[in-house]
file work22.txt (compact mmCIF, C-alpha atoms)
# COMPACT_ATOMS: atom_id res chain seq x y z
CA MET A 1 35.94 225.25 76.48
CA THR A 2 37.91 225.51 79.71
CA THR A 3 41.03 223.55 80.40
CA GLU A 4 39.03 221.24 82.64
CA THR A 5 36.58 220.30 79.91
CA LEU A 6 37.46 217.63 77.38
CA PRO A 7 36.90 218.66 73.77
CA ILE A 8 33.89 217.20 71.96
CA LEU A 9 35.09 214.90 69.17
CA ALA A 10 33.40 214.16 65.85
CA ILE A 11 34.39 211.23 63.65
CA LEU A 12 33.28 211.71 60.06
CA GLY A 13 32.93 208.34 58.38
CA GLY A 14 32.71 207.02 61.91
CA THR A 15 30.93 203.87 60.76
CA GLY A 16 34.03 202.39 59.06
CA ASP A 17 36.63 200.13 60.64
CA LEU A 18 39.06 202.87 61.58
CA GLY A 19 36.36 205.30 62.72
CA THR A 20 34.77 202.59 64.84
CA GLY A 21 38.12 201.84 66.44
CA LEU A 22 38.81 205.47 67.31
CA ALA A 23 35.26 205.94 68.62
CA ARG A 24 35.62 202.97 70.96
CA ARG A 25 38.90 204.22 72.39
CA TRP A 26 37.87 207.84 72.82
CA ALA A 27 34.43 207.00 74.26
CA GLN A 28 36.05 204.59 76.69
CA ALA A 29 38.52 207.35 77.70
CA GLY A 30 35.59 209.57 78.68
CA TYR A 31 35.35 211.84 75.64
CA GLN A 32 32.00 212.90 74.18
CA VAL A 33 32.03 211.37 70.70
CA LEU A 34 29.80 212.28 67.77
CA ILE A 35 29.63 209.52 65.15
CA GLY A 36 29.16 211.16 61.76
CA SER A 37 27.96 209.40 58.64
CA ARG A 38 26.38 210.26 55.32
CA THR A 39 23.04 209.10 56.72
CA GLN A 40 21.59 209.39 60.20
CA GLU A 41 20.53 205.75 59.98
CA LYS A 42 24.06 204.40 59.49
CA ALA A 43 25.35 206.63 62.27
CA GLU A 44 22.62 205.29 64.61
CA ALA A 45 23.61 201.70 63.80
CA ALA A 46 27.27 202.47 64.58
CA VAL A 47 26.30 204.05 67.89
CA ALA A 48 24.19 201.01 68.80
CA ASP A 49 27.17 198.74 68.04
CA LEU A 50 29.46 200.96 70.07
CA ARG A 51 27.13 200.85 73.09
CA GLU A 52 26.97 197.07 72.83
CA VAL A 53 30.77 196.68 72.75
CA MET A 54 31.21 199.06 75.67
CA ALA A 55 28.61 197.12 77.69
CA GLU A 56 30.45 193.86 76.90
CA ARG A 57 33.65 195.45 78.19
CA GLY A 58 31.90 196.54 81.35
CA VAL A 59 32.41 200.21 80.54
CA GLY A 60 29.81 202.31 82.36
CA GLU A 61 28.31 205.56 81.12
CA ILE A 62 29.61 206.70 77.73
CA SER A 63 28.68 209.83 75.82
CA VAL A 64 28.11 209.09 72.15
CA GLN A 65 25.66 210.46 69.61
CA ALA A 66 24.75 209.71 65.99
CA MET A 67 24.67 212.54 63.45
CA GLU A 68 25.04 213.29 59.79
CA ASN A 69 28.58 214.40 58.93
CA LEU A 70 27.87 218.15 58.69
CA ALA A 71 25.95 218.31 61.95
CA ALA A 72 28.69 216.34 63.70
CA ALA A 73 31.38 218.70 62.39
CA GLN A 74 29.34 221.71 63.54
CA ALA A 75 28.82 220.38 67.06
CA ALA A 76 32.40 219.21 67.68
CA ASP A 77 35.53 220.99 68.88
CA ILE A 78 37.89 218.61 67.07
CA VAL A 79 36.90 216.68 63.94
CA ALA A 80 38.47 213.48 62.61
CA ILE A 81 37.86 212.24 59.07
CA THR A 82 38.18 208.52 58.43
CA VAL A 83 36.63 208.11 54.99
CA PRO A 84 38.22 206.39 51.95
CA PHE A 85 40.53 208.61 49.88
CA SER A 86 37.94 208.72 47.08
CA HIS A 87 35.49 210.44 49.46
CA GLN A 88 37.96 212.72 51.24
CA ALA A 89 37.57 215.84 49.10
CA SER A 90 33.77 215.70 48.79
CA THR A 91 33.35 215.14 52.54
CA LEU A 92 35.69 218.02 53.38
CA GLU A 93 33.90 220.35 50.91
CA LEU A 94 30.63 219.53 52.67
CA VAL A 95 31.87 220.28 56.18
CA LYS A 96 34.37 223.05 55.38
CA PRO A 97 32.21 225.89 56.81
CA ALA A 98 31.87 223.99 60.09
CA LEU A 99 35.62 223.47 60.48
CA GLN A 100 36.81 227.07 60.55
CA GLY A 101 38.99 227.69 63.60
CA LYS A 102 39.01 224.00 64.51
CA ILE A 103 41.42 221.07 64.24
CA LEU A 104 40.78 218.53 61.49
CA ILE A 105 42.46 215.18 62.13
CA ASP A 106 43.04 213.70 58.69
CA VAL A 107 43.30 209.91 58.80
CA THR A 108 43.06 209.52 55.03
CA VAL A 109 45.47 207.15 53.30
CA PRO A 110 45.69 207.78 49.56
CA LEU A 111 45.44 204.13 48.53
CA VAL A 112 44.53 203.52 44.91
CA PRO A 113 42.64 200.19 44.67
CA PRO A 114 43.22 197.55 43.56
CA LYS A 115 47.00 198.05 44.01
CA VAL A 116 46.87 199.10 47.64
CA ALA A 117 50.26 197.50 48.36
CA ARG A 118 51.86 199.96 45.95
CA VAL A 119 52.84 203.46 47.10
CA GLN A 120 50.90 205.86 44.88
CA LEU A 121 51.06 209.28 46.46
CA PRO A 122 48.66 211.86 44.98
CA GLU A 123 49.73 214.85 42.90
CA GLY A 124 49.39 217.19 45.85
CA GLY A 125 52.09 215.10 47.58
CA SER A 126 49.87 213.71 50.34
CA ALA A 127 46.24 213.46 51.39
CA GLY A 128 47.11 215.63 54.38
CA GLN A 129 48.40 218.42 52.16
CA ILE A 130 45.32 218.11 49.94
CA ALA A 131 43.10 218.58 53.02
CA GLN A 132 45.07 221.62 54.19
CA ASP A 133 44.96 223.21 50.73
CA LEU A 134 41.24 222.54 50.41
CA LEU A 135 40.32 223.85 53.88
CA GLY A 136 42.58 226.90 54.01
CA GLU A 137 44.74 228.24 56.79
CA GLU A 138 41.90 228.80 59.28
CA VAL A 139 41.66 225.04 59.74
CA ALA A 140 44.55 223.30 61.47
CA VAL A 141 44.90 220.02 59.59
CA VAL A 142 46.78 217.36 61.56
CA SER A 143 47.57 214.06 59.89
CA ALA A 144 47.61 210.97 62.13
CA PHE A 145 46.72 207.29 62.63
CA GLN A 146 47.67 206.13 59.07
CA ASN A 147 49.82 203.28 60.39
CA VAL A 148 47.51 201.87 63.06
CA ALA A 149 45.59 198.75 62.11
CA ALA A 150 41.84 199.20 62.54
CA ALA A 151 41.67 195.68 63.97
CA HIS A 152 43.99 196.68 66.81
CA LEU A 153 42.15 199.96 67.43
CA GLN A 154 38.89 198.07 67.81
CA GLU A 155 40.37 195.81 70.48
CA GLY A 156 40.13 196.86 74.09
CA SER A 157 43.72 196.02 74.95
CA GLY A 158 47.03 197.82 74.60
CA LEU A 159 48.40 198.90 71.25
CA ASP A 160 51.97 198.21 70.17
CA CYS A 161 52.00 200.98 67.59
CA ASP A 162 53.19 204.59 67.48
CA VAL A 163 51.49 207.42 65.61
CA LEU A 164 53.28 209.98 63.41
CA VAL A 165 51.66 213.41 63.74
CA CYS A 166 52.12 215.99 60.98
CA GLY A 167 50.70 219.48 60.81
CA ASN A 168 51.71 223.10 60.38
CA LYS A 169 50.68 224.19 63.89
CA LYS A 170 52.51 222.76 66.86
CA VAL A 171 49.71 223.55 69.32
CA ALA A 172 47.28 221.59 67.18
CA ARG A 173 49.69 218.64 66.90
CA GLU A 174 49.98 218.65 70.69
CA GLN A 175 46.21 218.43 71.14
CA VAL A 176 46.12 215.48 68.78
CA ILE A 177 48.97 213.81 70.67
CA THR A 178 46.85 214.11 73.83
CA LEU A 179 44.04 212.27 72.00
CA ILE A 180 46.48 209.62 70.78
CA GLU A 181 47.63 209.04 74.34
CA ALA A 182 44.01 208.84 75.49
CA ALA A 183 43.59 206.08 72.89
CA GLY A 184 46.52 204.16 74.38
CA MET A 185 49.35 205.02 71.98
CA ARG A 186 52.39 207.28 71.71
CA GLY A 187 52.24 210.18 69.26
CA PHE A 188 55.30 211.87 67.73
CA HIS A 189 55.66 215.30 66.19
CA ALA A 190 56.66 214.35 62.65
CA GLY A 191 56.91 217.71 60.95
CA MET A 192 54.77 219.95 58.75
CA ILE A 193 51.65 218.68 57.00
CA ASN A 194 53.46 217.72 53.79
CA ASN A 195 55.46 215.16 55.83
CA ALA A 196 52.19 213.22 56.00
CA ALA A 197 53.51 211.68 52.77
CA ALA A 198 55.81 209.49 54.87
CA ALA A 199 53.05 207.99 57.03
CA GLU A 200 50.70 207.66 54.06
CA ALA A 201 53.30 205.85 51.95
CA LEU A 202 54.23 203.61 54.85
CA THR A 203 50.69 202.22 54.94
CA SER A 204 51.25 200.44 51.61
CA VAL A 205 54.48 198.95 52.98
CA LEU A 206 52.59 197.70 56.05
CA ILE A 207 50.01 196.13 53.70
CA VAL A 208 52.88 194.24 52.01
CA ILE A 209 54.09 193.03 55.40
CA ASN A 210 50.56 192.10 56.52
CA LYS A 211 50.20 189.82 53.50
CA GLN A 212 53.49 188.06 54.21
CA TYR A 213 52.93 187.50 57.92
CA SER A 214 49.11 187.28 57.98
CA CYS A 215 49.16 190.01 60.60
CA HIS A 216 48.21 193.62 61.26
CA ALA A 217 51.60 195.33 61.41
CA GLY A 218 52.44 198.73 62.79
CA ILE A 219 55.59 200.67 63.66
CA ARG A 220 57.35 201.81 66.78
CA ILE A 221 59.95 204.55 66.97
CA THR A 222 63.19 203.25 68.49
CA GLY A 223 66.45 204.78 69.67
CA LEU A 224 64.86 207.60 71.69
CA ASP A 225 67.42 207.36 74.48
CA HIS A 226 70.02 210.07 74.35
CA ASP A 227 73.33 208.78 73.18
CA MET B 228 80.06 181.90 43.25
CA THR B 229 78.93 178.70 44.96
CA THR B 230 76.37 178.61 47.74
CA GLU B 231 79.17 178.12 50.27
CA THR B 232 81.01 181.28 49.22
CA LEU B 233 79.97 184.65 50.61
CA PRO B 234 79.45 187.32 47.94
CA ILE B 235 82.10 190.03 47.62
CA LEU B 236 80.60 193.38 48.63
CA ALA B 237 81.48 196.83 47.34
CA ILE B 238 80.43 200.01 49.09
CA LEU B 239 80.51 203.03 46.78
CA GLY B 240 80.92 206.17 48.80
CA GLY B 241 82.22 203.86 51.47
CA THR B 242 84.11 206.66 53.20
CA GLY B 243 80.94 208.39 54.47
CA ASP B 244 79.18 207.79 57.78
CA LEU B 245 76.69 205.26 56.47
CA GLY B 246 79.19 203.47 54.25
CA THR B 247 81.65 203.24 57.11
CA GLY B 248 78.96 201.76 59.33
CA LEU B 249 77.98 199.11 56.79
CA ALA B 250 81.64 198.27 56.10
CA ARG B 251 82.33 197.69 59.79
CA ARG B 252 79.36 195.37 60.20
CA TRP B 253 79.93 193.36 57.03
CA ALA B 254 83.68 193.06 57.53
CA GLN B 255 83.10 191.94 61.10
CA ALA B 256 80.59 189.35 59.84
CA GLY B 257 83.30 187.85 57.62
CA TYR B 258 82.44 189.33 54.25
CA GLN B 259 85.11 190.53 51.84
CA VAL B 260 84.43 194.27 51.57
CA LEU B 261 85.69 196.66 48.89
CA ILE B 262 85.61 200.29 50.03
CA GLY B 263 84.97 202.44 46.98
CA SER B 264 85.59 206.15 46.75
CA ARG B 265 86.15 208.78 44.10
CA THR B 266 89.85 208.64 44.89
CA GLN B 267 92.08 205.76 45.85
CA GLU B 268 93.56 207.91 48.60
CA LYS B 269 90.26 208.49 50.42
CA ALA B 270 89.42 204.82 50.11
CA GLU B 271 92.80 203.86 51.62
CA ALA B 272 92.19 206.20 54.58
CA ALA B 273 88.79 204.62 55.21
CA VAL B 274 90.30 201.13 55.09
CA ALA B 275 92.99 202.19 57.58
CA ASP B 276 90.29 203.51 59.94
CA LEU B 277 88.29 200.33 59.54
CA ARG B 278 91.29 198.14 60.41
CA GLU B 279 91.93 200.26 63.49
CA VAL B 280 88.34 199.99 64.74
CA MET B 281 88.30 196.24 64.14
CA ALA B 282 91.56 195.87 66.05
CA GLU B 283 90.10 197.89 68.96
CA ARG B 284 87.13 195.53 69.00
CA GLY B 285 89.43 192.56 69.04
CA VAL B 286 88.19 191.33 65.67
CA GLY B 287 90.81 189.11 64.04
CA GLU B 288 91.45 188.76 60.33
CA ILE B 289 89.21 190.92 58.14
CA SER B 290 89.15 191.13 54.37
CA VAL B 291 88.89 194.72 53.18
CA GLN B 292 90.38 196.58 50.25
CA ALA B 293 90.46 200.18 49.01
CA MET B 294 89.49 200.95 45.42
CA GLU B 295 88.09 203.65 43.21
CA ASN B 296 84.32 203.33 42.77
CA LEU B 297 84.39 201.79 39.28
CA ALA B 298 87.02 199.19 40.13
CA ALA B 299 85.13 198.28 43.30
CA ALA B 300 81.88 197.83 41.36
CA GLN B 301 83.67 195.65 38.79
CA ALA B 302 85.25 193.38 41.39
CA ALA B 303 82.16 192.91 43.58
CA ASP B 304 79.20 190.54 43.40
CA ILE B 305 76.85 192.91 45.20
CA VAL B 306 77.31 196.69 45.19
CA ALA B 307 75.92 199.19 47.73
CA ILE B 308 75.82 202.92 47.02
CA THR B 309 75.89 205.28 50.00
CA VAL B 310 76.58 208.66 48.40
CA PRO B 311 74.56 211.87 48.91
CA PHE B 312 71.49 212.20 46.64
CA SER B 313 73.24 214.92 44.64
CA HIS B 314 75.94 212.39 43.61
CA GLN B 315 73.69 209.36 43.10
CA ALA B 316 73.06 209.71 39.35
CA SER B 317 76.63 210.58 38.37
CA THR B 318 78.05 207.73 40.44
CA LEU B 319 75.61 205.24 38.96
CA GLU B 320 76.33 206.45 35.41
CA LEU B 321 80.02 205.84 36.05
CA VAL B 322 79.62 202.28 37.32
CA LYS B 323 76.62 201.22 35.22
CA PRO B 324 78.59 198.91 32.91
CA ALA B 325 80.04 197.10 35.93
CA LEU B 326 76.63 196.47 37.50
CA GLN B 327 74.99 194.44 34.75
CA GLY B 328 73.57 191.20 36.15
CA LYS B 329 74.32 192.27 39.73
CA ILE B 330 72.40 193.58 42.72
CA LEU B 331 72.70 197.30 43.49
CA ILE B 332 71.75 198.18 47.06
CA ASP B 333 70.55 201.77 46.92
CA VAL B 334 70.89 203.52 50.27
CA THR B 335 70.23 206.97 48.83
CA VAL B 336 67.85 209.27 50.68
CA PRO B 337 66.61 212.14 48.51
CA LEU B 338 67.12 214.86 51.09
CA VAL B 339 67.17 218.40 49.74
CA PRO B 340 69.40 220.54 51.97
CA PRO B 341 68.96 222.71 53.90
CA LYS B 342 65.39 221.53 54.62
CA VAL B 343 66.27 217.90 55.33
CA ALA B 344 63.43 217.59 57.90
CA ARG B 345 60.94 218.19 55.10
CA VAL B 346 59.78 215.31 52.87
CA GLN B 347 60.73 216.31 49.33
CA LEU B 348 60.45 213.23 47.15
CA PRO B 349 61.99 213.58 43.69
CA GLU B 350 60.02 213.71 40.45
CA GLY B 351 60.73 210.07 39.71
CA GLY B 352 58.89 209.25 42.96
CA SER B 353 61.92 207.91 44.82
CA ALA B 354 65.68 207.66 44.61
CA GLY B 355 65.29 203.88 44.32
CA GLN B 356 63.08 204.21 41.27
CA ILE B 357 65.51 206.72 39.76
CA ALA B 358 68.33 204.19 40.19
CA GLN B 359 66.30 201.39 38.61
CA ASP B 360 65.29 203.56 35.66
CA LEU B 361 68.88 204.71 35.14
CA LEU B 362 70.43 201.24 35.37
CA GLY B 363 67.85 199.26 33.40
CA GLU B 364 66.27 195.90 34.05
CA GLU B 365 69.53 193.90 33.98
CA VAL B 366 70.45 195.41 37.33
CA ALA B 367 68.38 194.39 40.35
CA VAL B 368 68.06 197.57 42.38
CA VAL B 369 67.16 196.94 46.01
CA SER B 370 66.47 199.89 48.29
CA ALA B 371 67.46 199.50 51.95
CA PHE B 372 68.97 201.05 55.11
CA GLN B 373 67.34 204.51 54.73
CA ASN B 374 66.04 204.49 58.30
CA VAL B 375 69.14 203.25 60.13
CA ALA B 376 71.19 205.90 61.90
CA ALA B 377 74.82 205.86 60.76
CA ALA B 378 75.87 206.41 64.38
CA HIS B 379 74.21 203.14 65.38
CA LEU B 380 75.63 201.25 62.39
CA GLN B 381 79.11 202.35 63.36
CA GLU B 382 78.72 200.97 66.88
CA GLY B 383 79.68 197.40 67.55
CA SER B 384 76.60 196.56 69.58
CA GLY B 385 73.08 195.45 68.69
CA LEU B 386 70.78 197.58 66.59
CA ASP B 387 67.20 198.33 67.60
CA CYS B 388 66.11 199.16 64.07
CA ASP B 389 64.40 197.29 61.23
CA VAL B 390 65.14 197.72 57.54
CA LEU B 391 62.50 198.08 54.80
CA VAL B 392 63.62 196.32 51.61
CA CYS B 393 62.09 197.33 48.28
CA GLY B 394 62.90 195.95 44.85
CA ASN B 395 61.29 194.38 41.82
CA LYS B 396 62.99 190.98 42.21
CA LYS B 397 62.19 188.88 45.25
CA VAL B 398 65.38 186.80 44.97
CA ALA B 399 67.46 189.97 45.07
CA ARG B 400 65.52 191.30 48.07
CA GLU B 401 66.18 188.03 49.86
CA GLN B 402 69.94 188.29 49.29
CA VAL B 403 69.88 191.80 50.72
CA ILE B 404 67.86 190.60 53.73
CA THR B 405 70.65 188.06 54.37
CA LEU B 406 73.15 190.95 54.40
CA ILE B 407 70.90 192.96 56.73
CA GLU B 408 70.78 190.03 59.14
CA ALA B 409 74.56 189.67 58.93
CA ALA B 410 74.71 193.33 60.00
CA GLY B 411 72.57 192.60 63.06
CA MET B 412 69.14 193.79 61.94
CA ARG B 413 65.84 192.45 60.66
CA GLY B 414 64.93 193.11 57.02
CA PHE B 415 61.38 193.13 55.66
CA HIS B 416 60.13 192.71 52.11
CA ALA B 417 58.43 196.06 51.59
CA GLY B 418 57.26 195.81 47.99
CA MET B 419 58.42 196.87 44.55
CA ILE B 420 61.15 199.46 44.05
CA ASN B 421 58.77 202.43 43.88
CA ASN B 422 57.74 201.66 47.48
CA ALA B 423 61.19 202.96 48.40
CA ALA B 424 59.36 206.29 48.59
CA ALA B 425 58.01 205.24 51.99
CA ALA B 426 61.41 204.55 53.55
CA GLU B 427 62.97 207.59 51.91
CA ALA B 428 60.21 209.92 53.13
CA LEU B 429 60.40 208.41 56.61
CA THR B 430 64.01 209.56 56.95
CA SER B 431 62.90 213.20 57.10
CA VAL B 432 60.38 212.29 59.80
CA LEU B 433 63.14 210.59 61.80
CA ILE B 434 65.25 213.74 61.43
CA VAL B 435 62.36 215.71 62.99
CA ILE B 436 62.24 213.22 65.87
CA ASN B 437 66.03 213.25 66.28
CA LYS B 438 65.94 217.02 66.77
CA GLN B 439 63.24 216.80 69.43
CA TYR B 440 64.80 214.01 71.45
CA SER B 441 68.50 214.62 70.69
CA CYS B 442 68.69 211.01 69.58
CA HIS B 443 69.24 208.78 66.54
CA ALA B 444 65.79 207.30 66.01
CA GLY B 445 64.81 204.32 63.93
CA ILE B 446 61.74 202.16 63.47
CA ARG B 447 60.66 198.65 64.34
CA ILE B 448 57.83 196.75 62.74
CA THR B 449 55.31 195.61 65.36
CA GLY B 450 52.26 193.35 65.41
CA LEU B 451 53.87 190.46 63.52
CA ASP B 452 52.16 187.81 65.63
CA HIS B 453 49.23 186.22 63.90
CA ASP B 454 45.96 187.33 65.34
call {"tool": "encode", "arguments": {"input": "work22.txt", "output": "structure tokens"}}
result
Amino acid sequence: MTTETLPILAILGGTGDLGTGLARRWAQAGYQVLIGSRTQEKAEAAVADLREVMAERGVGEISVQAMENLAAAQAADIVAITVPFSHQASTLELVKPALQGKILIDVTVPLVPPKVARVQLPEGGSAGQIAQDLLGEEVAVVSAFQNVAAAHLQEGSGLDCDVLVCGNKKVAREQVITLIEAAGMRGFHAGMINNAAAAEALTSVLIVINKQYSCHAGIRITGLDHD
Amino acid sequence: MTTETLPILAILGGTGDLGTGLARRWAQAGYQVLIGSRTQEKAEAAVADLREVMAERGVGEISVQAMENLAAAQAADIVAITVPFSHQASTLELVKPALQGKILIDVTVPLVPPKVARVQLPEGGSAGQIAQDLLGEEVAVVSAFQNVAAAHLQEGSGLDCDVLVCGNKKVAREQVITLIEAAGMRGFHAGMINNAAAAEALTSVLIVINKQYSCHAGIRITGLDHD
């Protein structure tokens, strides 16, 4: 991969709301996107939907492909996982050999249904930390996108939401921030991977606010001017 | 206390940066504020500073008084605690009898020096939950202000920062939101007291961002429009 070439992106669980939203934004930004799913059939359906939405938006050529999760992880340079918390560990176990030396963008929020409006962080402290522990140090786990509403990601317009980016390797966080910017948002270095707890817990708070205001809330970082 | 009368506010640890900031804003908004400290002397010094700043700002009559923490808690209708995490439990044990039937605004952030940029939530899940467990159900603990920079609170101007408000009693949360608005900010119902973990964890993330940008960052909730 030269500096001129964009990395190939895989989205595991790319048929869900969040995965669909990321796929739309990255495909539209010119990235080659591999939609991963547990079955080839579901991945194909998601790709067909994606092509339809892009055509409606008047977006020309896009580069997307349907694959099973493991094949997608093998073929990609950077892999995002957007599956429910209950499927995070099993999905990562499946693709672990394919992730060595790569960046894994963990979008998992450790919600415990039915009380999703209640912060219930896992024993490992955060889903991000669980992913890093499971995958080992040869995989750079970067936690991101926990506070972006899927509904807004799926839209074609601007996004009034910032992304907190946690991970143990700064270079990896920076690559993810580039992808966040390509998707139309601002990304912020938010510390080591265990700080993912903050973004993951915040999702339940945003669910509380969504219920009150019938909205899809997000956050912005303020006060960045020197003072 | 009738509906026309403003509640009397105590700020335990009111000589610190955050307590000073809250005192300035509430005193300026016309509330009677009791500055609590471990010693009468330190409280008196803080009150003298407060009067000086108010005079500089051209604020007329203000109602502030210096007291030791227990006396301040006894005399107030609503009590805020703004002490370091390491002093939270001992301070609450001291004033517990004076808090029965009242609202306790817990501003504690469970930072563990020296690694304050690292999320390290306590075993009880959050400082807010620890306070509620310690004080019992006759005290309405409401967690707030964890993500507001003291430097901005101390200023006289507007604040570009929202406040997440957690607590088990909605009526108590609403009274705290009124106080947040009096201080120039927006407050949001953010769920039960254990959701305080989200705001408390977020403080370490903001510390990371502050270091990068040499700023005093905060957050705003976005996406509140119905869609």
call {"tool": "residues_near_point", "arguments": {"input": "work22.txt", "point": "(59.4, 214.2, 46.5)", "cutoff": "10 Å", "atoms": "only C-alpha atoms", "output": "number ranges by chain"}}
result
A: 121, 125, 197; B: 337-339, 345-354, 424, 427-428
call {"tool": "residues_around", "arguments": {"input": "work22.txt", "residues": "Gln292 (chain B)", "least_positions_apart": "5", "cutoff": "12 Å", "atoms": "all atoms listed in the file", "output": "short mmCIF file (atom, residue, chain, number, x, y, z; two decimals) with C-alpha atoms, in the coordinates of the input"}}
result
data_model
loop_
_atom_site.label_atom_id
_atom_site.label_comp_id
_atom_site.auth_asym_id
_atom_site.auth_seq_id
_atom_site.Cartn_x
_atom_site.Cartn_y
_atom_site.Cartn_z
CA ILE B 235 82.10 190.03 47.62
CA LEU B 236 80.60 193.38 48.63
CA ALA B 237 81.48 196.83 47.34
CA ILE B 238 80.43 200.01 49.09
CA GLY B 241 82.22 203.86 51.47
CA ALA B 250 81.64 198.27 56.10
CA ALA B 254 83.68 193.06 57.53
CA TYR B 258 82.44 189.33 54.25
CA GLN B 259 85.11 190.53 51.84
CA VAL B 260 84.43 194.27 51.57
CA LEU B 261 85.69 196.66 48.89
CA ILE B 262 85.61 200.29 50.03
CA GLY B 263 84.97 202.44 46.98
CA SER B 264 85.59 206.15 46.75
CA GLN B 267 92.08 205.76 45.85
CA GLU B 268 93.56 207.91 48.60
CA LYS B 269 90.26 208.49 50.42
CA ALA B 270 89.42 204.82 50.11
CA GLU B 271 92.80 203.86 51.62
CA ALA B 272 92.19 206.20 54.58
CA ALA B 273 88.79 204.62 55.21
CA VAL B 274 90.30 201.13 55.09
CA ALA B 275 92.99 202.19 57.58
CA ASP B 276 90.29 203.51 59.94
CA LEU B 277 88.29 200.33 59.54
CA ARG B 278 91.29 198.14 60.41
CA ALA B 298 87.02 199.19 40.13
CA ALA B 299 85.13 198.28 43.30
CA ALA B 302 85.25 193.38 41.39
CA ALA B 303 82.16 192.91 43.58
#
call {"tool": "closest_atom_pairs", "arguments": {"input": "work22.txt", "of": "chain B", "to": "chain A", "cutoff": "10 Å", "atoms": "all atoms listed in the file", "output": "CSV"}}
result
residue,atom,partner,partner_atom,distance
B:Ala344,CA,A:Gly191,CA,7.2
B:Arg345,CA,A:Asn195,CA,6.3
B:Val346,CA,A:Asn195,CA,5.2
B:Gln347,CA,A:Asn195,CA,8.4
B:Leu348,CA,A:Gly125,CA,8.6
B:Gly352,CA,A:Leu121,CA,8.6
B:Ala376,CA,A:Gly223,CA,9.2
B:Ala378,CA,A:Asp227,CA,9.5
B:His379,CA,A:Gly223,CA,9.0
B:Leu386,CA,A:Gly223,CA,8.9
B:Asp387,CA,A:Thr222,CA,6.4
B:Cys388,CA,A:Thr222,CA,6.7
B:Asp389,CA,A:Thr222,CA,9.5
B:Leu391,CA,A:Val205,CA,8.3
B:Val392,CA,A:Val205,CA,9.6
B:Cys393,CA,A:Val205,CA,9.1
B:Phe415,CA,A:Ile209,CA,7.3
B:His416,CA,A:Ile209,CA,6.9
B:Ala417,CA,A:Val205,CA,5.1
B:Gly418,CA,A:Val208,CA,6.1
B:Met419,CA,A:Arg118,CA,7.4
B:Ile420,CA,A:Arg118,CA,9.5
B:Asn421,CA,A:Val119,CA,6.8
B:Asn422,CA,A:Val119,CA,5.2
B:Ala423,CA,A:Val119,CA,8.5
B:Ala424,CA,A:Ala201,CA,6.9
B:Ala425,CA,A:Ala201,CA,4.7
B:Ala426,CA,A:Leu202,CA,7.4
B:Glu427,CA,A:Ala198,CA,8.0
B:Ala428,CA,A:Ala198,CA,4.8
B:Leu429,CA,A:Ala198,CA,5.0
B:Thr430,CA,A:Ala198,CA,8.5
B:Ser431,CA,A:Asn195,CA,7.8
B:Val432,CA,A:Ala190,CA,5.1
B:Leu433,CA,A:Ala190,CA,7.5
B:Ile434,CA,A:Ala190,CA,8.7
B:Val435,CA,A:Ala190,CA,5.9
B:Ile436,CA,A:Ala190,CA,6.5
B:Asn437,CA,A:Leu224,CA,7.9
B:Gln439,CA,A:His189,CA,8.4
B:Tyr440,CA,A:Leu224,CA,6.4
B:Ser441,CA,A:His226,CA,6.0
B:Cys442,CA,A:His226,CA,5.0
B:His443,CA,A:Gly223,CA,5.8
B:Ala444,CA,A:Gly223,CA,4.5
B:Gly445,CA,A:Thr222,CA,5.0
B:Ile446,CA,A:Ile221,CA,4.6
B:Arg447,CA,A:Arg220,CA,5.2
B:Ile448,CA,A:Ile219,CA,4.6
B:Thr449,CA,A:Gly218,CA,5.0
B:Gly450,CA,A:Ala217,CA,4.5
B:Leu451,CA,A:Cys215,CA,5.6
B:Asp452,CA,A:Cys215,CA,6.3
B:His453,CA,A:Cys215,CA,5.0
B:Asp454,CA,A:Cys215,CA,6.3
call {"tool": "atom_distance", "arguments": {"input": "work22.txt", "atom1": "CA of Val95 (chain A)", "atom2": "CA of Met185 (chain A)"}}
result
28.1 Å
call {"tool": "residues_around", "arguments": {"input": "work22.txt", "residues": "Arg400 (chain B)", "least_positions_apart": "3", "cutoff": "12 Å", "atoms": "only C-alpha atoms", "output": "PyMOL selection string"}}
result
chain B and resi 305+330-333+367-371+390-397+403-407+414-420
call {"tool": "write_last_selection", "arguments": {"input": "work22.txt", "atoms": "C-alpha atoms", "output": "CSV table (one decimal), in the coordinates of the input"}}
result
chain,number,residue,atom,x,y,z
B,305,ILE,CA,76.8,192.9,45.2
B,330,ILE,CA,72.4,193.6,42.7
B,331,LEU,CA,72.7,197.3,43.5
B,332,ILE,CA,71.8,198.2,47.1
B,333,ASP,CA,70.6,201.8,46.9
B,367,ALA,CA,68.4,194.4,40.4
B,368,VAL,CA,68.1,197.6,42.4
B,369,VAL,CA,67.2,196.9,46.0
B,370,SER,CA,66.5,199.9,48.3
B,371,ALA,CA,67.5,199.5,52.0
B,390,VAL,CA,65.1,197.7,57.5
B,391,LEU,CA,62.5,198.1,54.8
B,392,VAL,CA,63.6,196.3,51.6
B,393,CYS,CA,62.1,197.3,48.3
B,394,GLY,CA,62.9,196.0,44.8
B,395,ASN,CA,61.3,194.4,41.8
B,396,LYS,CA,63.0,191.0,42.2
B,397,LYS,CA,62.2,188.9,45.2
B,403,VAL,CA,69.9,191.8,50.7
B,404,ILE,CA,67.9,190.6,53.7
B,405,THR,CA,70.6,188.1,54.4
B,406,LEU,CA,73.2,191.0,54.4
B,407,ILE,CA,70.9,193.0,56.7
B,414,GLY,CA,64.9,193.1,57.0
B,415,PHE,CA,61.4,193.1,55.7
B,416,HIS,CA,60.1,192.7,52.1
B,417,ALA,CA,58.4,196.1,51.6
B,418,GLY,CA,57.3,195.8,48.0
B,419,MET,CA,58.4,196.9,44.6
B,420,ILE,CA,61.2,199.5,44.0
